[in-house]
Amino acid sequence: MVNSNYSPVKTQKNLVVVDYGMGNLRSVANALKFLKVDYEVSSEIEEIKQADAYLLPGVGSFSNAIENLHTSGISEVLTHQVTKEKKPIMGICLGMQLMANESEEGGRHTGLNWIDGNVRKIDSSNKCKLPHVGWNNVKFTKKEPYFNKIDNSSDFYFDHSYQFECNSKYVLATCDYGIDIVAAINFENIFAVQFHPEKSQSNGLKLIRNFLNTL
Amino acid sequence: MLKNRIIGCVLVKNGISVQSIGFKKFLPIGKAEIAVEFLSDWDIDEIIVLNIDSDLTTPPDFELIERLSRYSFVPLTAGGKVKSTADINKLLRAGADKVTINTSAINNVKFIAEASDMFGSQCIVVSVDVKKINDSYQVFTQGGRKSTGLNAFDHIQTVTASGAGEILLNSIDRDGSKSGFDMELYSQASKHTDIPIIACGGAGHPEHFLQCITECRMSSLAAGNFFNFTEHSPLTLKSYLKSKMINGIRFGTKIKYSGFEFGEEGRVGKLSDRQLAKSKYIPVEKEII
């Protein structure tokens with residue numbers, strides 16, 4: 001399909017894939033391996049502190065994830081690194097939702113409070129099935145830097161029942177599932193996507209490469 | 001808009017990928033890695049890897065998933081012998097993105113609730129194997145050998161209520177038959193649940209996919225054997241569906257079989273002399289990411 005033999009990695013920053021005990025870490029790691037990027041998968045507080053940039057993946061329920069983040073002490077250190085030290089982070093799926101103020105998945109749960117927004121169940125009154133699973137085309141409003149070399153309205157793989165609701169100033173891309181669903185957000189050093197770039201063939205790999213190129 | 005999903009099933013028995021006929025007869029195909037790599041490269045939308053070893057007491061083959069996930073840049077669902085949330089966690093950590101649960105969903109439906117609470121329902125696919133007995137669809141386990149006495153649609157309702165995210169509905173009767181999807185089964189099943197159903201069993205011709213989409217309004221279609229023996233099979237299938245005016249087909253690569261005819265066997269036919277005369281060779285450079 002594609003190869004990555006001689007593609008430029010601008011910098012070799014210390015990239016940490018945050019391991020909070022759940023998620024499809026290997027899938028994310030496989031994508032990074034394909035891109036020939038050095039990375040650590042870590043749950044160690046010290047390693048997380050030392051890192052220059054983060055990937056926050058996620059498959060799981062919000063309540064379990066946030067609980068794991070709190071009990072492991074990761075939430076505290078990561079919040080400091082992201083909101084005070086302004087280190088770049090890319091959130092994936094649940095990793096994006098965790099950045100909100102709160103989520104209504106499995107009761108009310110407070111999120112990491114990095115981006116003003118709430119996670120709500122997708123409105124399925126328009127007869128769209130839940131979960132929203134499969135490939136959907138993503139329309140972005142700004143190409144550079146994250147959607148560089150990706151055609152607008154390209155397909156990405158989604159798998160979720162809850163959606164991120166926030167002020168449109170944070171919204172970088174949406175997709176149509178009866179209603180507009182926030183597909184990507186960006187605020188300062190934070191970039192996050194609802195879909196799974198690690199599982200979206202070339203377009204997804206390009207997106208991860210684009211994030212890495214911003215480092 | 002959400003695209004239709006064309007899903008490839010890779011069945012693994014004793015470490016190698018096999019073709020299954022009626023859940024009874026298994027013919028060896030080869031290395032599962034190659035099947036996964038080709039499916040992923042040829043634009044399949046999802047891959048389901050099912051370990052169908054007959055010994056149910058052993059744990060799932062985590063190492064297999066770890067090996068296969070390296071070749072899949074599309075979502076990978078792992079199944080076979082999943083019995084606990086620890087199994088699910090290990091499969092996800094081995095490189096799966098979702099898991100399928102079959103027998104454990106029958107033995108203990110609370111397990112589905114527990115799993116979807118922990119991993120989110122989007123991660124939990126319940127696989128249901130059904131056989132038609134005297135006009136009613138019944139659930140079978142152990143590779144179709146053991147009847148559970150459960151009505152398929154009741155079971156689907158139960159697991160939906162327990163928090164399943166998707167149903168992989170396999171027709172044992174049609175498995176490996178190449179005679180088409182069981183249209184009656186899928187038309188009825190979708191009335192009993194509002195979560196996505198994946199149709200699986202019987203695909204032998206691109207027309208079967210077309211019928212299932214247009215007549216049963218199914219949007220997720222899986223096949224195993226159909227993809228196994230033909231070059232570019234997911235791509236040619238997608239081109240066929242597109243030529244029949246099915247919207248919502250994803251093309252992720254530049255390879256498209258537009259303008260080709262499909263023979264009786266469902267394979268891509270030869271271009272006519274006129275078309276050949278008009279066609280040109282256009283090199284497509286490998287994309288560098």
# chains A, B, ... in the order shown; residues from 1 in each chain; ligands from 1

$ residues_around --residues "range 30-41 of chain B" --least-positions-apart "3" --cutoff "6 Å" --atoms "only C-alpha atoms" --output "ChimeraX atom specification"
/A:1 /B:16-17,44,68,71-72

$ select_by_dssp --residues "range 120-212 of chain A" --states "alpha helix (DSSP H)" --output "ChimeraX atom specification"
/A:201-212

$ write_last_selection --atoms "all heavy atoms" --output "tab-separated table (two decimals), in the first residue's frame"
chain	number	residue	atom	x	y	z
A	201	GLN	N	-6.06	3.40	7.78
A	201	GLN	CA	-5.16	3.23	6.63
A	201	GLN	C	-4.28	4.45	6.41
A	201	GLN	O	-3.87	5.13	7.35
A	201	GLN	CB	-5.96	2.88	5.39
A	201	GLN	CG	-6.22	1.40	5.25
A	201	GLN	CD	-6.79	1.07	3.90
A	201	GLN	OE1	-7.40	1.90	3.26
A	201	GLN	NE2	-6.62	-0.15	3.46
A	202	SER	N	-3.97	4.76	5.14
A	202	SER	CA	-2.99	5.81	4.85
A	202	SER	C	-3.37	7.17	5.40
A	202	SER	O	-2.51	7.89	5.90
A	202	SER	CB	-2.78	5.96	3.35
A	202	SER	OG	-3.22	4.86	2.66
A	203	ASN	N	-4.67	7.52	5.31
A	203	ASN	CA	-5.05	8.84	5.78
A	203	ASN	C	-4.76	9.02	7.26
A	203	ASN	O	-4.32	10.08	7.70
A	203	ASN	CB	-6.54	9.09	5.53
A	203	ASN	CG	-6.82	9.33	4.06
A	203	ASN	OD1	-5.99	9.92	3.36
A	203	ASN	ND2	-7.95	8.84	3.59
A	204	GLY	N	-5.02	7.97	8.02
A	204	GLY	CA	-4.78	8.04	9.45
A	204	GLY	C	-3.30	8.14	9.77
A	204	GLY	O	-2.88	8.91	10.64
A	205	LEU	N	-2.51	7.36	9.03
A	205	LEU	CA	-1.06	7.40	9.25
A	205	LEU	C	-0.51	8.78	8.90
A	205	LEU	O	0.36	9.30	9.59
A	205	LEU	CB	-0.38	6.31	8.42
A	205	LEU	CG	-0.74	4.87	8.83
A	205	LEU	CD1	-0.29	3.88	7.78
A	205	LEU	CD2	-0.15	4.51	10.18
A	206	LYS	N	-1.06	9.36	7.84
A	206	LYS	CA	-0.63	10.72	7.47
A	206	LYS	C	-0.94	11.71	8.58
A	206	LYS	O	-0.15	12.60	8.88
A	206	LYS	CB	-1.37	11.18	6.21
A	206	LYS	CG	-0.82	10.62	4.92
A	206	LYS	CD	-1.55	11.27	3.74
A	206	LYS	CE	-1.62	10.33	2.58
A	206	LYS	NZ	-2.53	10.82	1.52
A	207	LEU	N	-2.12	11.55	9.17
A	207	LEU	CA	-2.53	12.46	10.23
A	207	LEU	C	-1.58	12.37	11.43
A	207	LEU	O	-1.18	13.38	12.01
A	207	LEU	CB	-3.96	12.13	10.67
A	207	LEU	CG	-4.59	13.14	11.61
A	207	LEU	CD1	-5.40	14.16	10.84
A	207	LEU	CD2	-5.50	12.45	12.61
A	208	ILE	N	-1.21	11.14	11.78
A	208	ILE	CA	-0.27	10.97	12.89
A	208	ILE	C	1.08	11.58	12.52
A	208	ILE	O	1.72	12.27	13.31
A	208	ILE	CB	-0.12	9.48	13.28
A	208	ILE	CG1	-1.48	8.93	13.75
A	208	ILE	CG2	0.91	9.30	14.38
A	208	ILE	CD1	-1.49	7.44	14.04
A	209	ARG	N	1.49	11.34	11.27
A	209	ARG	CA	2.75	11.94	10.80
A	209	ARG	C	2.68	13.47	10.91
A	209	ARG	O	3.62	14.11	11.34
A	209	ARG	CB	3.02	11.51	9.36
A	209	ARG	CG	4.16	12.22	8.69
A	209	ARG	CD	5.52	11.79	9.23
A	209	ARG	NE	5.95	10.53	8.65
A	209	ARG	CZ	6.83	9.70	9.23
A	209	ARG	NH1	7.35	10.03	10.40
A	209	ARG	NH2	7.16	8.59	8.66
A	210	ASN	N	1.55	14.03	10.51
A	210	ASN	CA	1.40	15.49	10.58
A	210	ASN	C	1.55	16.01	12.00
A	210	ASN	O	2.18	17.03	12.24
A	210	ASN	CB	0.05	15.93	10.02
A	210	ASN	CG	-0.03	15.77	8.52
A	210	ASN	OD1	1.01	15.74	7.84
A	210	ASN	ND2	-1.23	15.66	7.99
A	211	PHE	N	0.95	15.28	12.94
A	211	PHE	CA	1.08	15.68	14.34
A	211	PHE	C	2.56	15.62	14.75
A	211	PHE	O	3.09	16.55	15.36
A	211	PHE	CB	0.23	14.78	15.25
A	211	PHE	CG	0.55	14.95	16.72
A	211	PHE	CD1	0.16	16.11	17.40
A	211	PHE	CD2	1.24	13.97	17.42
A	211	PHE	CE1	0.46	16.27	18.75
A	211	PHE	CE2	1.55	14.13	18.76
A	211	PHE	CZ	1.16	15.29	19.44
A	212	LEU	N	3.23	14.53	14.36
A	212	LEU	CA	4.64	14.38	14.73
A	212	LEU	C	5.50	15.48	14.10
A	212	LEU	O	6.46	15.94	14.69
A	212	LEU	CB	5.15	12.99	14.30
A	212	LEU	CG	4.45	11.81	14.98
A	212	LEU	CD1	4.85	10.50	14.31
A	212	LEU	CD2	4.78	11.77	16.46

$ atom_distance --atom1 "CA of Glu63 in chain B" --atom2 "CA of Leu91 in chain B"
9.0 Å

$ interface_residues --of "chain B" --to "chain A" --cutoff "7 Å" --atoms "only C-alpha atoms" --output "PDB file with N, CA, C and O atoms, in the first residue's frame"
ATOM      1  N   MET B   1     -21.186  11.053   5.423  1.00  0.00           N
ATOM      2  CA  MET B   1     -22.085   9.916   5.580  1.00  0.00           C
ATOM      3  C   MET B   1     -21.300   8.664   5.929  1.00  0.00           C
ATOM      4  O   MET B   1     -20.158   8.499   5.515  1.00  0.00           O
ATOM      5  N   LEU B   2     -21.937   7.820   6.720  1.00  0.00           N
ATOM      6  CA  LEU B   2     -21.295   6.571   7.134  1.00  0.00           C
ATOM      7  C   LEU B   2     -21.293   5.596   5.955  1.00  0.00           C
ATOM      8  O   LEU B   2     -22.305   5.413   5.298  1.00  0.00           O
ATOM      9  N   LYS B   3     -20.153   4.990   5.717  1.00  0.00           N
ATOM     10  CA  LYS B   3     -20.023   4.077   4.578  1.00  0.00           C
ATOM     11  C   LYS B   3     -20.497   2.666   4.951  1.00  0.00           C
ATOM     12  O   LYS B   3     -20.512   2.300   6.119  1.00  0.00           O
ATOM     13  N   ARG B   5     -19.857  -1.182   5.352  1.00  0.00           N
ATOM     14  CA  ARG B   5     -18.620  -1.830   5.779  1.00  0.00           C
ATOM     15  C   ARG B   5     -18.474  -3.187   5.117  1.00  0.00           C
ATOM     16  O   ARG B   5     -19.357  -4.035   5.220  1.00  0.00           O
ATOM     17  N   ASP B  41      -4.251  -4.157   2.836  1.00  0.00           N
ATOM     18  CA  ASP B  41      -3.731  -3.410   1.686  1.00  0.00           C
ATOM     19  C   ASP B  41      -4.776  -3.233   0.593  1.00  0.00           C
ATOM     20  O   ASP B  41      -4.738  -2.273  -0.156  1.00  0.00           O
ATOM     21  N   SER B  69      -1.742  -8.163  14.190  1.00  0.00           N
ATOM     22  CA  SER B  69      -2.088  -6.738  14.264  1.00  0.00           C
ATOM     23  C   SER B  69      -1.037  -5.876  13.585  1.00  0.00           C
ATOM     24  O   SER B  69      -1.323  -4.757  13.161  1.00  0.00           O
ATOM     25  N   ARG B  70       0.164  -6.383  13.461  1.00  0.00           N
ATOM     26  CA  ARG B  70       1.219  -5.612  12.791  1.00  0.00           C
ATOM     27  C   ARG B  70       0.891  -5.350  11.328  1.00  0.00           C
ATOM     28  O   ARG B  70       1.412  -4.431  10.726  1.00  0.00           O
ATOM     29  N   PHE B  73      -3.831  -2.135   9.207  1.00  0.00           N
ATOM     30  CA  PHE B  73      -4.044  -0.718   9.468  1.00  0.00           C
ATOM     31  C   PHE B  73      -5.509  -0.350   9.294  1.00  0.00           C
ATOM     32  O   PHE B  73      -5.866   0.782   9.017  1.00  0.00           O
ATOM     33  N   VAL B  74      -6.338  -1.367   9.416  1.00  0.00           N
ATOM     34  CA  VAL B  74      -7.781  -1.165   9.533  1.00  0.00           C
ATOM     35  C   VAL B  74      -8.177  -1.831  10.850  1.00  0.00           C
ATOM     36  O   VAL B  74      -7.398  -2.602  11.407  1.00  0.00           O
ATOM     37  N   PRO B  75      -9.378  -1.554  11.355  1.00  0.00           N
ATOM     38  CA  PRO B  75      -9.757  -2.100  12.657  1.00  0.00           C
ATOM     39  C   PRO B  75      -9.729  -3.626  12.676  1.00  0.00           C
ATOM     40  O   PRO B  75     -10.164  -4.278  11.726  1.00  0.00           O
ATOM     41  N   LEU B  92      -6.891  -6.580  23.647  1.00  0.00           N
ATOM     42  CA  LEU B  92      -6.745  -5.186  23.224  1.00  0.00           C
ATOM     43  C   LEU B  92      -5.280  -4.775  23.287  1.00  0.00           C
ATOM     44  O   LEU B  92      -4.776  -4.087  22.406  1.00  0.00           O
ATOM     45  N   ARG B  93      -4.617  -5.223  24.320  1.00  0.00           N
ATOM     46  CA  ARG B  93      -3.203  -4.873  24.460  1.00  0.00           C
ATOM     47  C   ARG B  93      -2.330  -5.615  23.460  1.00  0.00           C
ATOM     48  O   ARG B  93      -1.203  -5.216  23.188  1.00  0.00           O
ATOM     49  N   ALA B  94      -2.852  -6.716  22.922  1.00  0.00           N
ATOM     50  CA  ALA B  94      -2.098  -7.461  21.914  1.00  0.00           C
ATOM     51  C   ALA B  94      -2.290  -6.869  20.524  1.00  0.00           C
ATOM     52  O   ALA B  94      -1.624  -7.279  19.576  1.00  0.00           O
ATOM     53  N   GLY B  95      -3.222  -5.917  20.391  1.00  0.00           N
ATOM     54  CA  GLY B  95      -3.378  -5.273  19.095  1.00  0.00           C
ATOM     55  C   GLY B  95      -4.770  -5.334  18.510  1.00  0.00           C
ATOM     56  O   GLY B  95      -5.008  -4.861  17.410  1.00  0.00           O
ATOM     57  N   ALA B  96      -5.710  -5.926  19.251  1.00  0.00           N
ATOM     58  CA  ALA B  96      -7.093  -5.911  18.771  1.00  0.00           C
ATOM     59  C   ALA B  96      -7.712  -4.549  19.090  1.00  0.00           C
ATOM     60  O   ALA B  96      -7.280  -3.870  20.011  1.00  0.00           O
ATOM     61  N   ASP B  97      -8.703  -4.171  18.296  1.00  0.00           N
ATOM     62  CA  ASP B  97      -9.423  -2.933  18.585  1.00  0.00           C
ATOM     63  C   ASP B  97     -10.797  -3.230  19.161  1.00  0.00           C
ATOM     64  O   ASP B  97     -11.390  -2.410  19.841  1.00  0.00           O
ATOM     65  N   ASP B 117     -19.429  -2.283  30.275  1.00  0.00           N
ATOM     66  CA  ASP B 117     -19.202  -1.258  31.287  1.00  0.00           C
ATOM     67  C   ASP B 117     -17.736  -0.873  31.334  1.00  0.00           C
ATOM     68  O   ASP B 117     -17.379   0.285  31.489  1.00  0.00           O
ATOM     69  N   MET B 118     -16.899  -1.895  31.222  1.00  0.00           N
ATOM     70  CA  MET B 118     -15.482  -1.664  31.389  1.00  0.00           C
ATOM     71  C   MET B 118     -14.821  -1.107  30.133  1.00  0.00           C
ATOM     72  O   MET B 118     -14.007  -0.206  30.199  1.00  0.00           O
ATOM     73  N   PHE B 119     -15.190  -1.649  28.982  1.00  0.00           N
ATOM     74  CA  PHE B 119     -14.492  -1.273  27.751  1.00  0.00           C
ATOM     75  C   PHE B 119     -15.344  -0.399  26.825  1.00  0.00           C
ATOM     76  O   PHE B 119     -14.875   0.018  25.778  1.00  0.00           O
ATOM     77  N   GLY B 120     -16.561  -0.141  27.206  1.00  0.00           N
ATOM     78  CA  GLY B 120     -17.469   0.602  26.341  1.00  0.00           C
ATOM     79  C   GLY B 120     -18.122  -0.357  25.369  1.00  0.00           C
ATOM     80  O   GLY B 120     -17.485  -1.302  24.913  1.00  0.00           O
ATOM     81  N   GLN B 122     -18.889  -0.031  22.389  1.00  0.00           N
ATOM     82  CA  GLN B 122     -18.347   0.014  21.015  1.00  0.00           C
ATOM     83  C   GLN B 122     -17.278  -1.046  20.795  1.00  0.00           C
ATOM     84  O   GLN B 122     -16.943  -1.385  19.677  1.00  0.00           O
ATOM     85  N   GLY B 165     -22.292  -3.936  21.516  1.00  0.00           N
ATOM     86  CA  GLY B 165     -22.171  -2.826  20.575  1.00  0.00           C
ATOM     87  C   GLY B 165     -22.523  -3.209  19.152  1.00  0.00           C
ATOM     88  O   GLY B 165     -23.001  -2.392  18.374  1.00  0.00           O
ATOM     89  N   ASP B 194     -31.431  -2.440  17.644  1.00  0.00           N
ATOM     90  CA  ASP B 194     -31.086  -1.200  16.951  1.00  0.00           C
ATOM     91  C   ASP B 194     -29.579  -0.984  16.909  1.00  0.00           C
ATOM     92  O   ASP B 194     -29.118   0.076  16.533  1.00  0.00           O
ATOM     93  N   ILE B 195     -28.790  -2.002  17.296  1.00  0.00           N
ATOM     94  CA  ILE B 195     -27.349  -1.884  17.118  1.00  0.00           C
ATOM     95  C   ILE B 195     -26.966  -2.511  15.775  1.00  0.00           C
ATOM     96  O   ILE B 195     -27.741  -3.279  15.210  1.00  0.00           O
ATOM     97  N   PRO B 196     -25.798  -2.159  15.246  1.00  0.00           N
ATOM     98  CA  PRO B 196     -25.429  -2.683  13.929  1.00  0.00           C
ATOM     99  C   PRO B 196     -25.293  -4.202  13.926  1.00  0.00           C
ATOM    100  O   PRO B 196     -24.789  -4.796  14.871  1.00  0.00           O
ATOM    101  N   LYS B 286       4.226   4.957  -5.389  1.00  0.00           N
ATOM    102  CA  LYS B 286       3.929   4.596  -4.010  1.00  0.00           C
ATOM    103  C   LYS B 286       3.891   5.858  -3.163  1.00  0.00           C
ATOM    104  O   LYS B 286       4.763   6.716  -3.278  1.00  0.00           O
ATOM    105  N   GLU B 287       2.884   5.904  -2.337  1.00  0.00           N
ATOM    106  CA  GLU B 287       2.733   7.089  -1.522  1.00  0.00           C
ATOM    107  C   GLU B 287       3.650   6.994  -0.306  1.00  0.00           C
ATOM    108  O   GLU B 287       3.747   5.963   0.324  1.00  0.00           O
ATOM    109  N   ILE B 288       4.318   8.068  -0.039  1.00  0.00           N
ATOM    110  CA  ILE B 288       5.206   8.069   1.123  1.00  0.00           C
ATOM    111  C   ILE B 288       4.577   8.876   2.244  1.00  0.00           C
ATOM    112  O   ILE B 288       4.178  10.024   2.046  1.00  0.00           O
ATOM    113  N   ILE B 289       4.466   8.235   3.376  1.00  0.00           N
ATOM    114  CA  ILE B 289       3.839   8.929   4.505  1.00  0.00           C
ATOM    115  C   ILE B 289       4.924   9.404   5.456  1.00  0.00           C
ATOM    116  O   ILE B 289       5.734   8.629   5.899  1.00  0.00           O
TER     117      ILE B 289
END

$ atom_distance --atom1 "CA of Gly163 in chain B" --atom2 "CA of Thr174 in chain A"
26.7 Å

$ residues_around --residues "range 221-230 of chain B" --least-positions-apart "2" --cutoff "6 Å" --atoms "only C-alpha atoms" --output "PyMOL selection string"
chain B and resi 6-9+19+198-200+204+233

$ write_last_selection --atoms "all heavy atoms" --output "short mmCIF file (atom, residue, chain, number, x, y, z; two decimals), in the first residue's frame"
data_model
loop_
_atom_site.label_atom_id
_atom_site.label_comp_id
_atom_site.auth_asym_id
_atom_site.auth_seq_id
_atom_site.Cartn_x
_atom_site.Cartn_y
_atom_site.Cartn_z
N ILE B 6 -17.37 -3.39 4.46
CA ILE B 6 -17.04 -4.68 3.87
C ILE B 6 -15.95 -5.29 4.75
O ILE B 6 -14.87 -4.73 4.90
CB ILE B 6 -16.53 -4.51 2.42
CG1 ILE B 6 -17.55 -3.73 1.58
CG2 ILE B 6 -16.21 -5.85 1.80
CD1 ILE B 6 -18.90 -4.39 1.40
N ILE B 7 -16.31 -6.40 5.38
CA ILE B 7 -15.46 -6.95 6.43
C ILE B 7 -14.89 -8.30 6.03
O ILE B 7 -15.61 -9.15 5.49
CB ILE B 7 -16.28 -7.08 7.74
CG1 ILE B 7 -16.81 -5.70 8.14
CG2 ILE B 7 -15.45 -7.70 8.86
CD1 ILE B 7 -17.82 -5.71 9.24
N GLY B 8 -13.63 -8.49 6.27
CA GLY B 8 -12.99 -9.78 5.96
C GLY B 8 -12.84 -10.62 7.22
O GLY B 8 -12.37 -10.13 8.23
N CYS B 9 -13.27 -11.88 7.14
CA CYS B 9 -13.11 -12.78 8.28
C CYS B 9 -11.93 -13.69 8.02
O CYS B 9 -11.86 -14.32 6.97
CB CYS B 9 -14.34 -13.67 8.45
SG CYS B 9 -15.70 -12.83 9.19
N GLN B 19 -10.30 -22.30 5.46
CA GLN B 19 -11.60 -22.05 4.84
C GLN B 19 -12.59 -22.96 5.57
O GLN B 19 -12.29 -24.12 5.83
CB GLN B 19 -11.53 -22.44 3.37
CG GLN B 19 -12.88 -22.41 2.67
CD GLN B 19 -12.79 -22.89 1.23
OE1 GLN B 19 -11.75 -23.40 0.80
NE2 GLN B 19 -13.86 -22.72 0.49
N ILE B 198 -23.74 -7.38 11.70
CA ILE B 198 -22.82 -7.77 10.63
C ILE B 198 -23.31 -9.09 10.06
O ILE B 198 -23.43 -10.08 10.79
CB ILE B 198 -21.39 -7.92 11.15
CG1 ILE B 198 -20.91 -6.61 11.79
CG2 ILE B 198 -20.45 -8.35 10.03
CD1 ILE B 198 -19.63 -6.76 12.61
N ALA B 199 -23.62 -9.09 8.76
CA ALA B 199 -24.08 -10.32 8.12
C ALA B 199 -22.88 -11.14 7.70
O ALA B 199 -21.93 -10.61 7.15
CB ALA B 199 -24.93 -9.97 6.90
N CYS B 200 -22.93 -12.43 7.99
CA CYS B 200 -21.80 -13.28 7.63
C CYS B 200 -22.27 -14.69 7.28
O CYS B 200 -23.05 -15.29 8.00
CB CYS B 200 -20.80 -13.32 8.78
SG CYS B 200 -19.29 -14.19 8.38
N GLY B 204 -20.77 -15.55 -2.14
CA GLY B 204 -20.02 -16.26 -3.17
C GLY B 204 -19.88 -15.44 -4.43
O GLY B 204 -19.15 -15.79 -5.34
N SER B 233 -9.63 -8.99 -4.11
CA SER B 233 -11.06 -9.26 -3.95
C SER B 233 -11.86 -8.14 -3.27
O SER B 233 -12.96 -7.82 -3.76
CB SER B 233 -11.25 -10.59 -3.21
OG SER B 233 -10.34 -10.72 -2.15
#

$ residues_around --residues "Phe181 in chain B" --least-positions-apart "2" --cutoff "10 Å" --atoms "only C-alpha atoms" --output "ChimeraX atom specification"
/B:170-171,173-175,177-179,183-186,199-204,208-209,211-212,216,221-223

$ atom_distance --atom1 "CA of Ala192 in chain A" --atom2 "CA of Asn152 in chain A"
17.3 Å

$ decode --residues "range 43-59 of chain B" --atoms "N, CA, C and O atoms" --output "short mmCIF file (atom, residue, chain, number, x, y, z; two decimals), in the first residue's frame"
data_model
loop_
_atom_site.label_atom_id
_atom_site.label_comp_id
_atom_site.auth_asym_id
_atom_site.auth_seq_id
_atom_site.Cartn_x
_atom_site.Cartn_y
_atom_site.Cartn_z
N ASP B 43 -7.87 -2.60 0.80
CA ASP B 43 -9.01 -1.73 1.06
C ASP B 43 -10.19 -2.38 1.78
O ASP B 43 -11.31 -1.88 1.68
N ILE B 44 -9.96 -3.46 2.48
CA ILE B 44 -11.05 -3.98 3.30
C ILE B 44 -11.35 -2.93 4.37
O ILE B 44 -10.48 -2.13 4.72
N ASP B 45 -12.58 -2.91 4.89
CA ASP B 45 -12.92 -1.87 5.86
C ASP B 45 -12.67 -2.30 7.29
O ASP B 45 -12.54 -1.46 8.19
N GLU B 46 -12.64 -3.59 7.52
CA GLU B 46 -12.41 -4.12 8.86
C GLU B 46 -11.99 -5.57 8.72
O GLU B 46 -12.33 -6.22 7.74
N ILE B 47 -11.30 -6.06 9.72
CA ILE B 47 -10.91 -7.47 9.70
C ILE B 47 -11.35 -8.12 11.01
O ILE B 47 -11.18 -7.54 12.09
N ILE B 48 -11.95 -9.30 10.90
CA ILE B 48 -12.31 -10.06 12.09
C ILE B 48 -11.47 -11.33 12.08
O ILE B 48 -11.50 -12.08 11.11
N VAL B 49 -10.71 -11.54 13.14
CA VAL B 49 -9.91 -12.75 13.24
C VAL B 49 -10.56 -13.66 14.28
O VAL B 49 -10.73 -13.26 15.44
N LEU B 50 -10.99 -14.83 13.85
CA LEU B 50 -11.63 -15.75 14.79
C LEU B 50 -10.76 -16.99 14.95
O LEU B 50 -10.42 -17.65 13.98
N ASN B 51 -10.43 -17.25 16.19
CA ASN B 51 -9.69 -18.47 16.50
C ASN B 51 -10.72 -19.57 16.74
O ASN B 51 -11.50 -19.50 17.69
N ILE B 52 -10.73 -20.57 15.86
CA ILE B 52 -11.78 -21.60 15.97
C ILE B 52 -11.23 -22.95 16.39
O ILE B 52 -11.77 -23.99 16.03
N ASP B 53 -10.13 -22.93 17.16
CA ASP B 53 -9.64 -24.19 17.74
C ASP B 53 -10.76 -24.83 18.55
O ASP B 53 -11.54 -24.13 19.19
N SER B 54 -10.81 -26.15 18.51
CA SER B 54 -11.96 -26.78 19.17
C SER B 54 -11.82 -26.85 20.69
O SER B 54 -12.81 -26.98 21.40
N ASP B 55 -10.61 -26.73 21.21
CA ASP B 55 -10.43 -26.80 22.65
C ASP B 55 -10.79 -25.45 23.29
O ASP B 55 -10.04 -24.48 23.22
N LEU B 56 -11.98 -25.42 23.91
CA LEU B 56 -12.47 -24.15 24.44
C LEU B 56 -11.89 -23.81 25.81
O LEU B 56 -12.09 -22.72 26.33
N THR B 57 -11.20 -24.78 26.41
CA THR B 57 -10.72 -24.53 27.78
C THR B 57 -9.47 -23.66 27.79
O THR B 57 -9.16 -23.03 28.79
N THR B 58 -8.75 -23.62 26.68
CA THR B 58 -7.53 -22.81 26.65
C THR B 58 -7.88 -21.33 26.49
O THR B 58 -8.97 -20.99 26.04
N PRO B 59 -6.95 -20.45 26.87
CA PRO B 59 -7.22 -19.01 26.70
C PRO B 59 -7.14 -18.59 25.23
O PRO B 59 -6.64 -19.36 24.40
#
